[in-house]
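Visitor: Below are the structure tokens for one structure; questions will follow.
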Amino acid sequence: MLSTHGLQAFYGDAQALFGIDFEVEAGELVAIIGANGAGKSTFLKALCGLVKAPRDAIRFKGEPVGGLAPGEIVRRGLALVPEGRRLFPSLSVEENLLMGANSRRAGPWNLRRVYELFPVLLEKRRQPGTSLSGGQQQMVAIGRALMSNPELLLCDELSLGLAPIVIREIYAALPKITQEGMTAVVVEQDVQMAQQVSQRLYCFQEGKVSLSGASSSVTREQVARAYFGV
């Protein structure tokens with residue numbers, strides 16, 4: 001469904017990604033692990049058009065999409081759950097969710113489906129989005145992305161700053177999201193969680209892929225070497 005080929009990315013003169021080769025098949029859940037500063041978030045931003053990328057370095061459903069505007073990429077079927085949730089503080093929970101529907105893509109996800117997935121959001125739909133707990137805000141961010149009816153869902157650090165019980169609740173929703181055929185890429189620093197939820201994983205180190213393989217067969221020793229470079 002999506003692949004990158006020698007993907008490089010820069011912030012001004014500083015290079016953040018160095019030739020990333022990556023692929024995800026339709027229906028897969030692929031995890032990306034790595035330490036802070038490894039390039040994980042930059043990679044997702046490049047996929048979504050938030051960081052410039054060469055046109056042919058990113059292909060989605062066989063078409064080159066590198067460097068397209070973020071809105072165009074959403075209309076083609078990619079959606080990002082950003083690190084830190086990034087909710088609109090002036091909008092209610094429901095208004096935040098409806099912002100995700102602006103692409104007007106057809107598909108199964110609507111307000112009713114999101115509220116079925118996260119019932120607490122129905123109870124709090126009239127409250128300001130940023131007044132919710134961190135875990136509930138993450139649910140809003142996921143729901144907002146689903147409202148665009150993407151074919152590929154990109155999730156950046158879903159567990160960041162959340163209590164373990166909340167993390168388990170968030171990740172318990174992923175199978176319900178992907179069981180209808182949606183593809184997902186999840187960036188996660190918790191290696192154990194990443195291995196549990198994904199079929200395959202990539203490890204990034206200093207802007208490069210240091211390890212890739214089936215999540216069930218990658219060993220702790222391999223991960224440690226790829227993660228820390230020792």
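In the structure tokens, chains take letters A, B, ... by order of appearance, with residues numbered from 1 within each chain and ligands from 1 in the order shown.
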Fewer than 4 positions away in the same chain doesn't count, so skip those; otherwise give me all residues within 6 Å of segment 187-201 of chain A, counting only C-alpha atoms, as an MDAnalysis selection string.
Guide: chainID A and resid 29:33 156:157 212:215
Visitor: Limited to C-alpha atoms, could you put the picked residues into a file as a short mmCIF file (atom, residue, chain, number, x, y, z; two decimals), in the first residue's frame?
Guide:
data_model
loop_
_atom_site.label_atom_id
_atom_site.label_comp_id
_atom_site.auth_asym_id
_atom_site.auth_seq_id
_atom_site.Cartn_x
_atom_site.Cartn_y
_atom_site.Cartn_z
CA LEU A 29 -0.15 -3.08 11.30
CA VAL A 30 3.52 -2.08 11.23
CA ALA A 31 5.34 -0.57 14.22
CA ILE A 32 8.29 1.83 14.17
CA ILE A 33 10.47 1.92 17.26
CA ASP A 156 2.63 8.92 16.36
CA GLU A 157 3.46 8.02 19.99
CA SER A 212 13.37 -4.65 10.29
CA GLY A 213 11.58 -7.95 10.57
CA ALA A 214 8.59 -9.90 11.83
CA SER A 215 7.58 -8.62 15.25
#
Visitor: Determine which residues of segment 39-226 of chain A receive a DSSP assignment of helix (DSSP H, G or I), computed from the backbone, and state them as an MDAnalysis selection string.
Guide: chainID A and resid 40:47 55:57 70:76 93:103 111:117 119:123 129:131 134:146 164:172 174:178 191:197 220:226
Visitor: So, counting only C-alpha atoms, which residue among A:His5, A:Cys155, A:Ala101, A:Leu117 is closest to Cys48 of chain A?
Guide: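 So, comparing all the options, the nearest one is A:Cys155.
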Visitor: Mind pulling up the distance from atom CA of Ile73 of chain A to atom CA of Arg113 of chain A?
Guide: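 Value for the atom CA of Arg113 of chain A-atom CA of Ile73 of chain A distance: 23.2 Å.
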Visitor: Find the residues of segment 108-209 of chain A that sit at most 9 Å from segment 82-88 of chain A; for each, write down the nearest two atoms and how far apart they are in Å, to one decimal. Count only C-alpha atoms. Sort by chain, then by number going up, and give it as a Markdown table.
Guide:
| residue | atom | partner | partner_atom | distance |
| --- | --- | --- | --- | --- |
| A:Pro128 | CA | A:Phe88 | CA | 8.7 |
| A:Gly129 | CA | A:Leu87 | CA | 6.6 |
| A:Thr130 | CA | A:Leu87 | CA | 6.7 |
| A:Gly134 | CA | A:Arg85 | CA | 8.7 |
| A:Gln137 | CA | A:Arg85 | CA | 6.6 |
| A:Gln138 | CA | A:Arg85 | CA | 5.8 |
| A:Met139 | CA | A:Arg85 | CA | 8.9 |
| A:Val140 | CA | A:Leu87 | CA | 7.9 |
| A:Ala141 | CA | A:Arg85 | CA | 5.5 |
| A:Ile142 | CA | A:Arg85 | CA | 8.4 |
| A:Leu154 | CA | A:Pro82 | CA | 8.2 |
| A:Cys155 | CA | A:Pro82 | CA | 6.5 |
| A:Asp156 | CA | A:Glu83 | CA | 5.0 |
| A:Glu157 | CA | A:Glu83 | CA | 5.6 |
| A:Leu158 | CA | A:Glu83 | CA | 7.2 |
| A:Leu160 | CA | A:Gly84 | CA | 7.5 |
| A:Gly161 | CA | A:Gly84 | CA | 8.8 |
Visitor: Counting only C-alpha atoms, what is within 7 Å of Val24 of chain A, bar same-chain residues fewer than 5 positions away, as a list in words?
Guide: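 Near neighbours after the sequence-gap exclusion: Met1, Leu2, Ser3 and Val30 of chain A.
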Visitor: Would you save the residues from that selection as a PDB file, in the first residue's frame, using N, CA and C atoms?
Guide:
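result11.pdb was written with the following content:
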ATOM      1  N   MET A   1       0.825  -1.206   0.000  1.00  0.00           N
ATOM      2  CA  MET A   1       0.000   0.000   0.000  1.00  0.00           C
ATOM      3  C   MET A   1       0.859   1.255   0.000  1.00  0.00           C
ATOM      4  N   LEU A   2       1.898   1.254   0.832  1.00  0.00           N
ATOM      5  CA  LEU A   2       2.786   2.415   0.896  1.00  0.00           C
ATOM      6  C   LEU A   2       4.225   1.946   0.946  1.00  0.00           C
ATOM      7  N   SER A   3       5.090   2.680   0.258  1.00  0.00           N
ATOM      8  CA  SER A   3       6.517   2.370   0.304  1.00  0.00           C
ATOM      9  C   SER A   3       7.319   3.654   0.181  1.00  0.00           C
ATOM     10  N   VAL A  30       2.061  -2.127  11.151  1.00  0.00           N
ATOM     11  CA  VAL A  30       3.522  -2.080  11.230  1.00  0.00           C
ATOM     12  C   VAL A  30       3.917  -1.076  12.303  1.00  0.00           C
TER      13      VAL A  30
END
Visitor: Step one, run DSSP on the backbone; step two, keep only residues of segment 109-216 of chain A assigned to strand (DSSP E); then write them as a list in words.
Guide: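 Taking segment 109-216 of chain A and keeping strand (DSSP E) gives Leu152, Leu153, Leu154, Cys155, Asp156, Thr183, Ala184, Val185, Val186, Val187, Arg200, Leu201, Tyr202, Cys203, Phe204, Gln205, Lys208, Val209, Ser210, Leu211, Ser212, Gly213 and Ala214 of chain A.
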Visitor: What's around Thr178 of chain A at 10 Å? Count only C-alpha atoms, leave out sequence neighbours fewer than 2 positions away in its own chain, and write the answer as a PyMOL selection string.
Guide: chain A and resi 27-29+151-153+173-176+180-184
Visitor: Restricting the calculation to only C-alpha atoms, which member of A:Glu123, A:Glu72, A:Glu206, A:Glu116 is positioned closest to Gly19 of chain A?
Guide: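 That would be A:Glu206, the residue with the smallest distance to Gly19 of chain A.
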Visitor: Go through A:Lys124, A:Glu95, A:Ser148, A:Ile165 one by one, measure the shortest atom-to-atom distance of each to Asn110 of chain A using only C-alpha atoms, and give the residue with the smallest value.
Guide: A:Ser148
Visitor: Between A:Met99, A:Thr4, A:Ser217, A:Phe10, which residue has the minimum interatomic distance to Gly62 of chain A, considering only C-alpha atoms?
Guide: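 Once distances to Gly62 of chain A are computed over only C-alpha atoms, the minimum belongs to A:Thr4.
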Visitor: I'd like the neighbourhood of Gly6 of chain A as a count of residues only, where a residue qualifies if any of its atoms comes within 10 Å (using only C-alpha atoms), though same-chain residues fewer than 4 positions away should be ignored.
Guide: 11
Visitor: If we count only C-alpha atoms and set the cut-off at 8 Å, which residues sit around Leu98 of chain A, ignoring sequence neighbours fewer than 6 positions away in its own chain? Please answer as a list in words.
Guide: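 Result of the neighbour search: Leu111, Arg144 and Met147 of chain A.
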Visitor: May I have the residues from that selection written out with N, CA, C and O atoms, as a compact mmCIF listing (two decimals), in the first residue's frame?
Guide:
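After the write, out.txt holds the following:
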# COMPACT_ATOMS: atom_id res chain seq x y z
N LEU A 111 -19.52 9.92 13.12
CA LEU A 111 -19.60 10.21 14.55
C LEU A 111 -20.13 9.01 15.33
O LEU A 111 -19.61 8.68 16.40
N ARG A 144 -10.71 11.77 15.30
CA ARG A 144 -10.63 12.81 14.27
C ARG A 144 -9.97 12.27 13.00
O ARG A 144 -10.44 12.53 11.89
N MET A 147 -12.31 9.94 11.13
CA MET A 147 -13.41 10.65 10.47
C MET A 147 -13.08 11.01 9.03
O MET A 147 -13.98 11.29 8.24
Visitor: Which residue is closest to Leu146 of chain A? Choose from A:Pro164, A:Gly67, A:Pro89, A:Gly77 and count only C-alpha atoms.
Guide: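 Checking each candidate against Leu146 of chain A, we get A:Gly77 as the closest.
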Visitor: From the options A:Ser90, A:Ser41, A:Gln136, A:Asn102, which residue's atoms come nearest to Pro119 of chain A, counting only C-alpha atoms?
Guide: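 Closest candidate: A:Gln136.
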Visitor: Please measure the separation of atom CA of Phe228 of chain A and atom CA of Lys45 of chain A, giving the value in Å to one decimal.
Guide: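 Value for the atom CA of Phe228 of chain A-atom CA of Lys45 of chain A distance: 23.2 Å.
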